[in-house]
>>> print(open('final_6.txt').read())   # compact mmCIF, C-alpha atoms and all ligand atoms
# COMPACT_ATOMS: atom_id res chain seq x y z
CA MET A 871 36.02 25.38 -69.22
CA PRO A 872 38.64 28.05 -69.94
CA GLY A 873 37.84 31.41 -68.43
CA LEU A 874 41.13 33.22 -68.91
CA GLY A 875 40.85 36.98 -68.98
CA GLU A 876 37.29 37.15 -67.70
CA GLN A 877 36.38 40.29 -65.81
CA LEU A 878 34.97 38.42 -62.82
CA PRO A 879 37.01 35.56 -61.36
CA ALA A 880 35.33 32.19 -60.93
CA LEU A 881 34.02 31.45 -57.43
CA THR A 882 36.11 28.95 -55.51
CA PRO A 883 34.23 25.82 -54.34
CA HIS A 884 34.28 27.23 -50.80
CA GLU A 885 32.93 30.62 -51.92
CA ALA A 886 30.19 28.89 -53.91
CA ILE A 887 29.06 26.86 -50.90
CA VAL A 888 29.07 29.88 -48.61
CA GLU A 889 27.15 31.99 -51.15
CA SER A 890 24.61 29.25 -51.90
CA ASN A 891 23.91 28.83 -48.18
CA ARG A 892 22.86 32.49 -47.98
CA CYS A 893 19.90 31.71 -50.29
CA LEU A 894 16.50 31.53 -48.55
CA PHE A 895 15.26 28.98 -51.14
CA CYS A 896 12.08 31.00 -51.52
CA PHE A 897 8.80 29.36 -52.41
CA ASP A 898 7.49 30.72 -55.74
CA ALA A 899 10.87 32.44 -56.03
CA PRO A 900 10.88 35.92 -57.59
CA CYS A 901 14.32 35.28 -59.10
CA THR A 902 12.89 32.40 -61.15
CA HIS A 903 9.99 34.57 -62.33
CA ALA A 904 12.47 37.28 -63.38
CA CYS A 905 14.55 34.85 -65.46
CA PRO A 906 13.27 34.88 -69.08
CA THR A 907 14.04 31.13 -69.31
CA HIS A 908 12.55 30.47 -65.84
CA ILE A 909 15.48 28.45 -64.50
CA ASP A 910 14.51 26.91 -61.12
CA ILE A 911 17.07 29.07 -59.33
CA PRO A 912 16.52 28.01 -55.70
CA ARG A 913 16.73 24.37 -56.85
CA PHE A 914 20.07 24.77 -58.62
CA ILE A 915 21.45 26.83 -55.73
CA LYS A 916 20.30 24.21 -53.20
CA LYS A 917 22.19 21.56 -55.17
CA ILE A 918 25.36 23.65 -55.00
CA ALA A 919 24.85 24.00 -51.24
CA THR A 920 24.67 20.20 -50.96
CA GLN A 921 27.67 19.81 -53.28
CA ASN A 922 25.64 18.16 -56.03
CA ILE A 923 27.18 20.41 -58.68
CA LEU A 924 26.40 18.19 -61.68
CA GLY A 925 22.79 18.01 -60.49
CA SER A 926 22.80 21.80 -60.31
CA ALA A 927 24.04 22.06 -63.92
CA LYS A 928 21.32 19.62 -65.00
CA THR A 929 18.64 21.82 -63.41
CA ILE A 930 20.01 24.85 -65.29
CA LEU A 931 20.24 23.05 -68.65
CA GLU A 932 16.68 21.72 -68.37
CA ALA A 933 15.48 25.32 -68.68
CA ASN A 934 18.31 26.93 -70.62
CA LEU A 935 20.66 25.00 -72.91
CA LEU A 936 23.02 27.98 -73.01
CA GLY A 937 23.41 28.24 -69.26
CA ALA A 938 27.17 28.90 -69.43
CA THR A 939 26.76 31.84 -71.80
CA CYS A 940 23.80 33.30 -69.93
CA ALA A 941 25.67 33.02 -66.60
CA ARG A 942 28.15 35.49 -68.08
CA VAL A 943 26.25 37.85 -70.36
CA CYS A 944 22.82 38.13 -68.72
CA PRO A 945 22.07 41.52 -67.17
CA VAL A 946 21.49 39.77 -63.83
CA GLN A 947 21.21 43.08 -61.99
CA GLU A 948 18.06 43.75 -63.99
CA LEU A 949 16.74 40.16 -63.98
CA CYS A 950 17.20 37.42 -61.36
CA GLU A 951 19.52 39.26 -58.95
CA GLY A 952 17.43 42.42 -59.29
CA ALA A 953 14.42 40.41 -58.10
CA CYS A 954 16.19 38.58 -55.24
CA VAL A 955 14.40 39.18 -51.93
CA LEU A 956 17.75 39.75 -50.24
CA GLY A 957 18.47 42.69 -52.52
CA SER A 958 16.47 45.37 -50.74
CA GLU A 959 18.17 45.18 -47.34
CA HIS A 960 21.12 42.89 -47.91
CA LYS A 961 23.20 41.84 -50.89
CA PRO A 962 21.34 39.83 -53.53
CA ILE A 963 22.57 36.28 -54.06
CA MET A 964 25.26 36.14 -56.77
CA ILE A 965 23.03 34.00 -58.99
CA GLY A 966 25.02 34.59 -62.18
CA ARG A 967 28.30 33.58 -60.64
CA LEU A 968 26.76 30.51 -58.96
CA GLN A 969 25.28 29.48 -62.30
CA ARG A 970 28.70 29.91 -63.90
CA HIS A 971 30.21 27.79 -61.10
CA ALA A 972 27.81 24.91 -61.83
CA MET A 973 28.14 25.14 -65.61
CA ASP A 974 31.93 25.39 -65.58
CA PHE A 975 32.11 22.38 -63.26
CA ALA A 976 29.95 20.37 -65.68
CA TYR A 977 31.91 21.44 -68.80
CA SER A 978 35.23 20.75 -67.07
CA ARG A 979 34.17 17.09 -67.12
CA GLY A 980 33.42 17.06 -70.84
CA VAL A 981 30.38 18.07 -72.84
CA PRO A 982 27.36 17.68 -70.53
CA LYS A 983 24.89 14.92 -71.49
CA PHE A 984 21.96 15.02 -69.11
CA HIS A 985 19.06 14.69 -71.54
CA THR A 986 17.02 11.65 -72.29
CA GLN A 987 16.83 11.23 -76.06
CA ALA A 988 13.34 10.55 -77.45
CA ALA A 989 12.90 7.91 -80.15
CA ALA A 990 13.46 9.20 -83.71
CA THR A 991 10.30 10.78 -85.13
CA GLY A 992 11.37 10.76 -88.77
CA LYS A 993 10.70 14.52 -88.97
CA LYS A 994 13.34 16.85 -90.40
CA ILE A 995 13.76 20.44 -89.32
CA ALA A 996 16.08 23.10 -90.72
CA VAL A 997 17.39 25.78 -88.37
CA ILE A 998 18.95 28.80 -90.08
CA GLY A 999 21.53 30.57 -87.94
CA ALA A 1000 23.58 29.06 -85.09
CA GLY A 1001 23.32 31.93 -82.62
CA PRO A 1002 21.66 31.53 -79.21
CA ALA A 1003 18.09 31.20 -80.58
CA GLY A 1004 19.12 28.66 -83.23
CA LEU A 1005 21.23 26.57 -80.87
CA SER A 1006 18.48 26.52 -78.26
CA CYS A 1007 15.80 25.56 -80.78
CA ALA A 1008 17.98 22.94 -82.51
CA GLY A 1009 18.96 21.31 -79.22
CA GLU A 1010 15.41 21.20 -77.86
CA LEU A 1011 14.09 19.69 -81.11
CA ALA A 1012 16.86 17.08 -81.19
CA LYS A 1013 16.00 16.06 -77.63
CA ARG A 1014 12.46 15.35 -78.87
CA GLY A 1015 13.78 12.92 -81.50
CA HIS A 1016 13.62 15.16 -84.59
CA ALA A 1017 16.43 15.21 -87.17
CA VAL A 1018 17.75 18.77 -87.08
CA THR A 1019 20.13 20.40 -89.55
CA LEU A 1020 21.62 23.67 -88.36
CA PHE A 1021 22.82 25.96 -91.18
CA GLU A 1022 25.35 28.66 -90.28
CA LYS A 1023 26.94 31.12 -92.70
CA ARG A 1024 30.03 31.65 -90.54
CA GLU A 1025 32.69 29.05 -89.90
CA LEU A 1026 31.91 28.78 -86.18
CA GLY A 1027 28.59 28.54 -84.38
CA GLY A 1028 27.53 30.65 -81.41
CA GLY A 1029 26.63 33.87 -83.24
CA LEU A 1030 27.37 37.04 -81.27
CA SER A 1031 28.43 34.94 -78.24
CA THR A 1032 31.35 33.67 -80.33
CA TYR A 1033 32.14 36.71 -82.47
CA GLY A 1034 30.49 39.77 -80.96
CA ILE A 1035 30.91 39.81 -77.15
CA ILE A 1036 34.32 40.75 -75.74
CA SER A 1037 36.39 38.01 -74.09
CA LEU A 1038 36.30 39.94 -70.84
CA ARG A 1039 32.59 39.10 -70.64
CA GLU A 1040 32.54 35.78 -72.49
CA PRO A 1041 35.58 33.94 -73.83
CA MET A 1042 34.98 32.35 -77.22
CA GLU A 1043 35.69 28.88 -75.79
CA VAL A 1044 32.56 29.08 -73.63
CA ALA A 1045 30.29 29.66 -76.64
CA LEU A 1046 32.04 26.99 -78.71
CA ALA A 1047 31.69 24.41 -75.92
CA GLU A 1048 27.93 25.02 -76.02
CA VAL A 1049 27.91 24.50 -79.79
CA GLU A 1050 29.59 21.13 -79.16
CA MET A 1051 26.99 20.28 -76.53
CA VAL A 1052 24.18 20.95 -79.04
CA ARG A 1053 26.03 18.91 -81.66
CA GLY A 1054 26.24 16.14 -79.06
CA LEU A 1055 22.44 16.11 -78.89
CA GLY A 1056 22.48 14.84 -82.48
CA VAL A 1057 22.17 18.12 -84.41
CA GLU A 1058 23.89 18.13 -87.81
CA PHE A 1059 25.91 21.32 -88.16
CA ARG A 1060 26.59 22.73 -91.63
CA SER A 1061 28.75 25.84 -91.63
CA GLY A 1062 29.52 28.18 -94.53
CA VAL A 1063 25.93 27.88 -95.79
CA GLU A 1064 23.24 30.54 -95.97
CA LEU A 1065 20.01 31.11 -97.84
CA GLY A 1066 20.97 31.92 -101.42
CA ASN A 1067 24.47 30.51 -100.93
CA GLY A 1068 24.43 26.72 -100.76
CA LEU A 1069 20.81 26.62 -99.56
CA SER A 1070 17.67 27.54 -101.52
CA VAL A 1071 14.05 27.95 -100.53
CA GLU A 1072 13.35 24.93 -102.76
CA ASP A 1073 15.83 22.86 -100.71
CA LEU A 1074 13.98 23.84 -97.55
CA LYS A 1075 10.54 23.03 -98.99
CA THR A 1076 11.67 19.70 -100.43
CA ASN A 1077 13.78 18.35 -97.62
CA PHE A 1078 12.32 19.62 -94.36
CA ASP A 1079 9.04 19.44 -92.46
CA ALA A 1080 9.57 22.78 -90.70
CA VAL A 1081 12.04 25.67 -90.68
CA PHE A 1082 13.19 27.88 -87.79
CA VAL A 1083 14.83 31.16 -88.82
CA SER A 1084 17.25 32.61 -86.30
CA ALA A 1085 19.48 34.56 -88.63
CA GLY A 1086 20.00 37.52 -86.31
CA LEU A 1087 20.60 40.90 -87.91
CA GLY A 1088 22.77 42.22 -90.72
CA VAL A 1089 25.69 44.61 -91.04
CA THR A 1090 26.19 47.97 -89.32
CA PRO A 1091 24.32 50.64 -91.32
CA ALA A 1092 26.10 53.53 -93.00
CA LEU A 1093 26.26 56.92 -91.28
CA GLY A 1094 26.45 58.63 -94.66
CA ILE A 1095 29.15 61.12 -93.68
CA PRO A 1096 32.32 62.14 -95.54
CA GLY A 1097 35.30 59.98 -94.61
CA GLU A 1098 33.11 57.08 -93.47
CA GLU A 1099 35.47 54.64 -95.18
CA TYR A 1100 38.02 55.46 -92.45
CA ILE A 1101 35.67 54.37 -89.67
CA LEU A 1102 36.13 50.88 -88.23
CA ASP A 1103 33.11 48.63 -87.84
CA GLY A 1104 32.40 47.89 -84.16
CA LEU A 1105 31.42 44.24 -84.59
CA ALA A 1106 34.49 43.57 -86.75
CA TYR A 1107 36.60 45.36 -84.12
CA ILE A 1108 35.29 43.05 -81.38
CA GLU A 1109 35.67 40.00 -83.60
CA GLN A 1110 39.32 40.82 -84.28
CA SER A 1111 39.89 41.35 -80.55
CA LYS A 1112 38.77 37.73 -80.07
CA LEU A 1113 40.37 36.10 -83.09
CA ASP A 1114 43.51 38.16 -83.72
CA LEU A 1115 44.18 40.57 -80.86
CA ALA A 1116 47.88 40.94 -81.75
CA ASN A 1117 46.98 42.62 -85.04
CA LEU A 1118 44.13 44.78 -83.76
CA PRO A 1119 45.02 48.40 -84.61
CA ALA A 1120 45.49 50.30 -81.35
CA GLY A 1121 44.46 53.97 -81.25
CA ARG A 1122 45.69 56.57 -78.78
CA GLN A 1123 42.63 58.80 -79.05
CA VAL A 1124 39.63 56.67 -79.88
CA VAL A 1125 36.08 57.87 -80.55
CA ILE A 1126 33.25 55.33 -80.51
CA ILE A 1127 29.98 56.30 -82.22
CA GLY A 1128 26.87 54.80 -80.57
CA ALA A 1129 25.84 53.95 -77.02
CA GLY A 1130 24.63 50.36 -76.98
CA ASN A 1131 26.36 47.36 -75.43
CA THR A 1132 28.50 46.87 -78.55
CA ALA A 1133 29.77 50.46 -78.22
CA ILE A 1134 30.58 49.82 -74.55
CA ASP A 1135 32.49 46.66 -75.53
CA CYS A 1136 34.44 48.58 -78.19
CA ALA A 1137 35.34 51.30 -75.66
CA THR A 1138 36.51 48.65 -73.21
CA ILE A 1139 38.74 47.04 -75.84
CA ALA A 1140 40.23 50.43 -76.81
CA LYS A 1141 41.04 51.17 -73.17
CA ARG A 1142 42.58 47.74 -72.62
CA GLN A 1143 44.61 48.24 -75.81
CA GLY A 1144 46.22 51.24 -74.16
CA ALA A 1145 44.28 54.19 -75.61
CA GLU A 1146 44.95 57.41 -73.71
CA HIS A 1147 41.53 58.82 -74.32
CA VAL A 1148 38.33 57.02 -75.30
CA THR A 1149 35.15 58.98 -75.98
CA ILE A 1150 31.68 57.63 -76.72
CA VAL A 1151 29.54 60.03 -78.76
CA TYR A 1152 25.80 59.56 -78.84
CA ARG A 1153 23.15 61.73 -80.43
CA ARG A 1154 20.64 61.30 -77.62
CA THR A 1155 21.13 61.18 -73.82
CA ALA A 1156 21.90 58.56 -71.16
CA VAL A 1157 18.14 58.06 -70.75
CA GLU A 1158 17.68 56.82 -74.33
CA MET A 1159 20.85 54.78 -74.77
CA SER A 1160 20.44 51.02 -75.01
CA ALA A 1161 23.56 50.02 -73.01
CA TYR A 1162 22.83 48.33 -69.69
CA LYS A 1163 23.20 50.62 -66.67
CA HIS A 1164 25.86 48.38 -65.07
CA GLU A 1165 27.87 48.39 -68.33
CA TYR A 1166 27.62 52.19 -68.48
CA ASP A 1167 28.84 52.43 -64.86
CA PHE A 1168 31.66 49.95 -65.58
CA VAL A 1169 33.02 51.75 -68.59
CA LYS A 1170 32.85 55.14 -66.86
CA LYS A 1171 35.01 53.66 -64.10
CA GLU A 1172 37.43 52.56 -66.84
CA GLY A 1173 37.80 56.26 -67.68
CA VAL A 1174 35.69 56.42 -70.84
CA GLU A 1175 34.18 59.86 -71.52
CA PHE A 1176 30.61 60.24 -72.80
CA ARG A 1177 29.57 63.08 -75.13
CA PHE A 1178 25.79 63.01 -75.32
CA LEU A 1179 23.65 65.06 -77.73
CA THR A 1180 26.47 64.88 -80.24
CA GLN A 1181 26.23 63.87 -83.91
CA PRO A 1182 29.30 63.11 -86.08
CA VAL A 1183 29.24 64.89 -89.46
CA GLU A 1184 32.69 64.21 -90.95
CA VAL A 1185 35.85 62.20 -90.36
CA ILE A 1186 38.83 64.59 -90.54
CA ARG A 1187 42.05 63.13 -91.93
CA ASP A 1188 45.42 64.15 -93.37
CA LYS A 1189 47.96 62.22 -95.40
CA ASN A 1190 48.81 60.07 -92.36
CA GLY A 1191 45.25 59.04 -91.57
CA VAL A 1192 42.43 60.05 -89.24
CA THR A 1193 43.04 63.14 -87.06
CA GLY A 1194 39.58 63.91 -85.74
CA LEU A 1195 35.82 63.56 -85.88
CA GLU A 1196 33.84 66.68 -86.64
CA CYS A 1197 30.55 66.79 -84.76
CA VAL A 1198 27.58 69.07 -84.16
CA SER A 1199 25.37 69.50 -81.11
CA VAL A 1200 21.90 68.01 -81.09
CA VAL A 1201 18.59 69.16 -79.65
CA LEU A 1202 15.94 66.51 -79.04
CA GLY A 1203 12.55 67.05 -80.67
CA GLU A 1204 9.29 65.13 -81.01
CA LEU A 1205 9.18 61.34 -80.70
CA ASP A 1206 10.16 59.55 -83.91
CA ARG A 1207 9.09 56.12 -85.26
CA SER A 1208 11.33 54.39 -82.73
CA GLY A 1209 9.40 56.07 -79.90
CA ARG A 1210 12.44 58.13 -78.90
CA PRO A 1211 12.95 61.90 -79.26
CA ALA A 1212 14.17 62.75 -82.76
CA PRO A 1213 17.63 64.39 -82.82
CA GLN A 1214 17.71 67.79 -84.52
CA LEU A 1215 21.14 69.00 -85.58
CA ASP A 1216 22.45 72.46 -84.75
CA LEU A 1217 24.65 72.94 -87.82
CA ASN A 1218 26.16 76.15 -86.37
CA SER A 1219 27.73 74.27 -83.50
CA ARG A 1220 30.52 72.44 -85.34
CA PHE A 1221 33.46 71.23 -83.26
CA VAL A 1222 36.18 68.61 -83.72
CA LEU A 1223 37.04 65.79 -81.32
CA ALA A 1224 40.69 64.76 -81.70
CA ALA A 1225 40.87 61.11 -82.81
CA ASP A 1226 43.28 58.77 -84.54
CA GLN A 1227 40.74 55.93 -84.53
CA VAL A 1228 36.97 56.07 -84.99
CA VAL A 1229 34.73 53.05 -84.46
CA LYS A 1230 30.99 52.90 -85.16
CA ALA A 1231 28.61 50.71 -83.18
CA ILE A 1232 25.20 52.06 -84.16
CA GLY A 1233 23.17 48.86 -84.36
CA GLN A 1234 22.62 46.48 -87.25
CA ASP A 1235 20.49 46.53 -90.40
CA LYS A 1236 17.69 44.05 -90.89
CA LEU A 1237 18.44 40.98 -93.00
CA SER A 1238 16.99 40.25 -96.43
CA VAL A 1239 16.20 36.67 -95.42
CA ALA A 1240 12.52 37.53 -94.84
CA ALA A 1241 12.09 38.61 -98.47
CA VAL A 1242 13.83 35.45 -99.73
CA LEU A 1243 11.45 33.29 -97.69
CA GLY A 1244 8.42 35.43 -98.51
CA VAL A 1245 7.40 35.95 -94.87
CA ALA A 1246 5.69 39.10 -93.56
CA THR A 1247 7.73 41.72 -91.72
CA GLU A 1248 7.21 44.71 -89.45
CA ARG A 1249 9.79 47.48 -89.89
CA GLY A 1250 12.10 44.87 -91.42
CA PHE A 1251 11.76 42.38 -88.56
CA ILE A 1252 10.06 39.03 -89.21
CA GLN A 1253 6.49 38.95 -87.89
CA VAL A 1254 5.50 35.90 -85.84
CA ASN A 1255 2.44 34.88 -83.83
CA SER A 1256 2.44 33.76 -80.20
CA GLN A 1257 3.71 30.35 -81.38
CA PHE A 1258 6.70 31.94 -83.20
CA GLU A 1259 5.17 30.94 -86.55
CA THR A 1260 5.31 33.36 -89.48
CA ASN A 1261 2.46 33.94 -91.90
CA VAL A 1262 3.89 31.03 -93.95
CA PRO A 1263 2.81 27.77 -92.27
CA GLY A 1264 5.76 25.67 -91.15
CA ILE A 1265 8.22 28.59 -91.10
CA TYR A 1266 9.01 29.80 -87.58
CA ALA A 1267 11.41 32.51 -86.40
CA GLY A 1268 12.99 33.80 -83.19
CA GLY A 1269 15.82 35.83 -81.72
CA ASP A 1270 16.96 39.28 -82.85
CA CYS A 1271 15.36 38.93 -86.31
CA ILE A 1272 11.84 39.10 -84.78
CA ARG A 1273 12.48 41.71 -82.08
CA ALA A 1274 10.78 44.74 -83.63
CA LYS A 1275 9.98 46.22 -80.22
CA GLY A 1276 11.96 46.54 -77.01
CA ALA A 1277 15.48 45.44 -76.20
CA SER A 1278 16.91 42.16 -77.38
CA SER A 1279 19.19 39.93 -75.34
CA THR A 1280 20.88 36.55 -75.44
CA VAL A 1281 18.60 35.06 -72.81
CA MET A 1282 15.47 36.21 -74.66
CA ALA A 1283 16.81 34.57 -77.83
CA VAL A 1284 17.42 31.32 -75.92
CA GLN A 1285 13.84 31.40 -74.64
CA ASP A 1286 12.50 32.13 -78.16
CA GLY A 1287 14.33 29.06 -79.43
CA LYS A 1288 13.03 26.89 -76.60
CA LEU A 1289 9.40 27.99 -77.01
CA ALA A 1290 9.58 27.77 -80.80
CA ALA A 1291 10.90 24.19 -80.50
CA ALA A 1292 7.87 23.28 -78.37
CA ALA A 1293 5.56 24.94 -80.91
CA ILE A 1294 7.24 23.23 -83.88
CA ASN A 1295 7.01 19.89 -82.08
CA SER A 1296 3.28 20.33 -81.43
CA GLY A 1297 2.72 21.61 -84.98
CA LEU A 1298 4.39 18.54 -86.47
CA THR A 1299 2.49 16.18 -84.21
CA TRP A 1300 -0.77 17.93 -85.02
CA ARG A 1301 -0.17 17.86 -88.78
CA THR A 1302 0.79 14.16 -88.77
FE1 LIG B 1401 17.45 32.64 -53.19
FE2 LIG B 1401 17.14 35.31 -53.68
FE3 LIG B 1401 15.98 33.51 -55.33
FE4 LIG B 1401 15.04 33.80 -52.79
S1 LIG B 1401 14.98 35.35 -54.46
S2 LIG B 1401 15.43 31.86 -53.91
S3 LIG B 1401 16.95 34.27 -51.70
S4 LIG B 1401 18.21 33.79 -54.99
>>> encode(input="final_6.txt", output="structure tokens")
Amino acid sequence: MPGLGEQLPALTPHEAIVESNRCLFCFDAPCTHACPTHIDIPRFIKKIATQNILGSAKTILEANLLGATCARVCPVQELCEGACVLGSEHKPIMIGRLQRHAMDFAYSRGVPKFHTQAAATGKKIAVIGAGPAGLSCAGELAKRGHAVTLFEKRELGGGLSTYGIISLREPMEVALAEVEMVRGLGVEFRSGVELGNGLSVEDLKTNFDAVFVSAGLGVTPALGIPGEEYILDGLAYIEQSKLDLANLPAGRQVVIIGAGNTAIDCATIAKRQGAEHVTIVYRRTAVEMSAYKHEYDFVKKEGVEFRFLTQPVEVIRDKNGVTGLECVSVVLGELDRSGRPAPQLDLNSRFVLAADQVVKAIGQDKLSVAAVLGVATERGFIQVNSQFETNVPGIYAGGDCIRAKGASSTVMAVQDGKLAAAAINSGLTWRT
């Protein structure tokens, strides 16, 4: 599997064997408990130690169909490696890199096919959205013998793994290879289709026994400030860095608005594109920002400056384009609806940050898909029960579109898809 340009080099076979032999192969391993998809980590590491690398990949895929993506983008410091018993006094096992070693070995021999295919059930399931939750759900349902059609509005599957995570962390080829693996399980993939555009609710009701919605989130919301039309969209910026890097506009003084993982990725791209000065502005503090701690540390080492408690109020430009971003200082007040302190602007504190490029990465709006399907929502996110079923029987949902509370992540979306597939399977069996 191609890994050109990745931040961390692949382990050599020798390094992988040495690292896997450091593992204590704990009983009731805390690393496995800390993994949202509960991969049997000591088991897959043991197989690397005994040079059964394909067996190791099989163990990973049994729990997590997107093992190659998760090996790269999971915040392992906060999950499996953070829980490793060797972490307190020694160095935790490099679980993420060992997982990548096993997955890359398997993919280098073609699309992995370890599953046993169940007999066809005659049931049809529609999955809407081919991001991590949709791929996971579609693959798990196909393994159980159901006929799955995966609808994706973009040309390529993989969701944010394909379009929205910088190549340094996950090359596009890794995500696309996983899409092929899911297709190889028998899933029919229909791209360029979305609800209301080539697919209606009537189509879903008529042609399918169940629906899984994994449509992710929508576009970046507006800031509502003068000159906003001159601000680049962070997700589009990352997408162009993956699809068309040669034509990505390079700034010399770049300001990124927002402090989540997308903002960190945008700052990393700007630096690698040769920007002299990259500043992240955020209206709260490091305590409230949603970027992972290790990503924050990484980008600070890259030389990115952080301006906390800072709110943009206007993009300054002249006849040649953007020259700066006018900002004001912020004081944090009472907790708002998000449970975080509400920013209060000090309008007498105006100052201008020099900038020839401004990028915003301030999260994504909720999608209108819930209203089209008539399912209940909470703050715009689709409401589901413990079985991932909405208030409309037969319509299930998972991934970012249901995550009204707490942080969202790729691995959580994969687990949503896996659990929803099990629930859909039982629901169909029960209704038969
Ligand atoms: Fe190996 Fe660490 Fe997991 Fe124990 S906790 S099984 S040492 S990776």
>>> residues_near_ligand(input="final_6.txt", ligand="ligand LIG 1401 (chain B)", cutoff="6 Å", atoms="only C-alpha atoms and all ligand atoms", output="PyMOL selection string")
chain A and resi 893-896+899-901+912+954-956+963
>>> residues_around(input="final_6.txt", residues="range 921-930 of chain A", least_positions_apart="4", cutoff="8 Å", atoms="all atoms listed in the file", output="count of residues only")
18
>>> axis_aligned_box(input="final_6.txt", around="range 1233-1250 of chain A", padding_each_side="4 Å", output="AutoDock Vina command-line options")
--center_x 14.4 --center_y 41.1 --center_z -92.0 --size_x 25.5 --size_y 23.6 --size_z 23.4
>>> residues_around(input="final_6.txt", residues="range 997-1011 of chain A", least_positions_apart="5", cutoff="8 Å", atoms="only C-alpha atoms", output="count of residues only")
43
>>> atom_distance(input="final_6.txt", atom1="CA of Val943 in chain A", atom2="CA of Asp974 in chain A")
14.5 Å
>>> closest_atom_pairs(input="final_6.txt", of="range 1151-1185 of chain A", to="range 1205-1225 of chain A", cutoff="10 Å", atoms="only C-alpha atoms", output="tab-separated table")
residue	atom	partner	partner_atom	distance
A:Val1151	CA	A:Leu1223	CA	9.8
A:Arg1153	CA	A:Pro1213	CA	6.6
A:Arg1154	CA	A:Pro1213	CA	6.8
A:Thr1155	CA	A:Pro1211	CA	9.9
A:Val1157	CA	A:Arg1210	CA	9.9
A:Glu1158	CA	A:Arg1210	CA	7.1
A:Met1159	CA	A:Arg1210	CA	10.0
A:Leu1179	CA	A:Pro1213	CA	7.9
A:Thr1180	CA	A:Leu1215	CA	8.6
A:Gln1181	CA	A:Leu1215	CA	7.4
A:Pro1182	CA	A:Val1222	CA	9.1
A:Val1183	CA	A:Arg1220	CA	8.7
A:Glu1184	CA	A:Val1222	CA	9.2
A:Val1185	CA	A:Ala1225	CA	9.1
>>> closest_residue(input="final_6.txt", among="A:Gly1250, A:Gly952, A:Gly1297, A:Gly1054", to="His903 in chain A", atoms="only C-alpha atoms")
A:Gly952
>>> atom_distance(input="final_6.txt", atom1="CA of Gly1062 in chain A", atom2="CA of Gly1034 in chain A")
17.9 Å
>>> decode(input="final_6.txt", residues="range 1023-1034 of chain A", atoms="N, CA and C atoms", output="mmCIF file, in the first residue's frame")
data_model
loop_
_atom_site.group_PDB
_atom_site.id
_atom_site.type_symbol
_atom_site.label_atom_id
_atom_site.label_comp_id
_atom_site.auth_asym_id
_atom_site.auth_seq_id
_atom_site.Cartn_x
_atom_site.Cartn_y
_atom_site.Cartn_z
ATOM 1 N N LYS A 1023 -22.492 10.715 -2.351
ATOM 2 C CA LYS A 1023 -22.693 11.892 -3.218
ATOM 3 C C LYS A 1023 -21.415 12.311 -3.947
ATOM 4 N N ARG A 1024 -20.254 12.011 -3.346
ATOM 5 C CA ARG A 1024 -18.996 12.363 -4.009
ATOM 6 C C ARG A 1024 -18.623 11.289 -5.025
ATOM 7 N N GLU A 1025 -17.585 11.585 -5.789
ATOM 8 C CA GLU A 1025 -17.139 10.602 -6.789
ATOM 9 C C GLU A 1025 -16.460 9.406 -6.107
ATOM 10 N N LEU A 1026 -15.678 9.691 -5.065
ATOM 11 C CA LEU A 1026 -14.902 8.644 -4.405
ATOM 12 C C LEU A 1026 -15.469 8.345 -3.026
ATOM 13 N N GLY A 1027 -15.347 7.108 -2.592
ATOM 14 C CA GLY A 1027 -15.749 6.759 -1.238
ATOM 15 C C GLY A 1027 -14.640 7.073 -0.247
ATOM 16 N N GLY A 1028 -14.937 6.880 1.032
ATOM 17 C CA GLY A 1028 -13.925 7.091 2.074
ATOM 18 C C GLY A 1028 -14.211 8.303 2.948
ATOM 19 N N GLY A 1029 -15.080 9.206 2.470
ATOM 20 C CA GLY A 1029 -15.442 10.376 3.280
ATOM 21 C C GLY A 1029 -14.232 11.226 3.622
ATOM 22 N N LEU A 1030 -14.158 11.655 4.881
ATOM 23 C CA LEU A 1030 -13.060 12.543 5.298
ATOM 24 C C LEU A 1030 -11.706 11.844 5.179
ATOM 25 N N SER A 1031 -11.672 10.499 5.289
ATOM 26 C CA SER A 1031 -10.386 9.801 5.152
ATOM 27 C C SER A 1031 -9.808 10.044 3.766
ATOM 28 N N THR A 1032 -10.684 10.126 2.767
ATOM 29 C CA THR A 1032 -10.229 10.371 1.395
ATOM 30 C C THR A 1032 -9.988 11.852 1.142
ATOM 31 N N TYR A 1033 -10.956 12.689 1.550
ATOM 32 C CA TYR A 1033 -10.910 14.100 1.152
ATOM 33 C C TYR A 1033 -10.437 15.056 2.248
ATOM 34 N N GLY A 1034 -10.551 14.676 3.510
ATOM 35 C CA GLY A 1034 -10.432 15.683 4.567
ATOM 36 C C GLY A 1034 -9.326 15.480 5.582
#
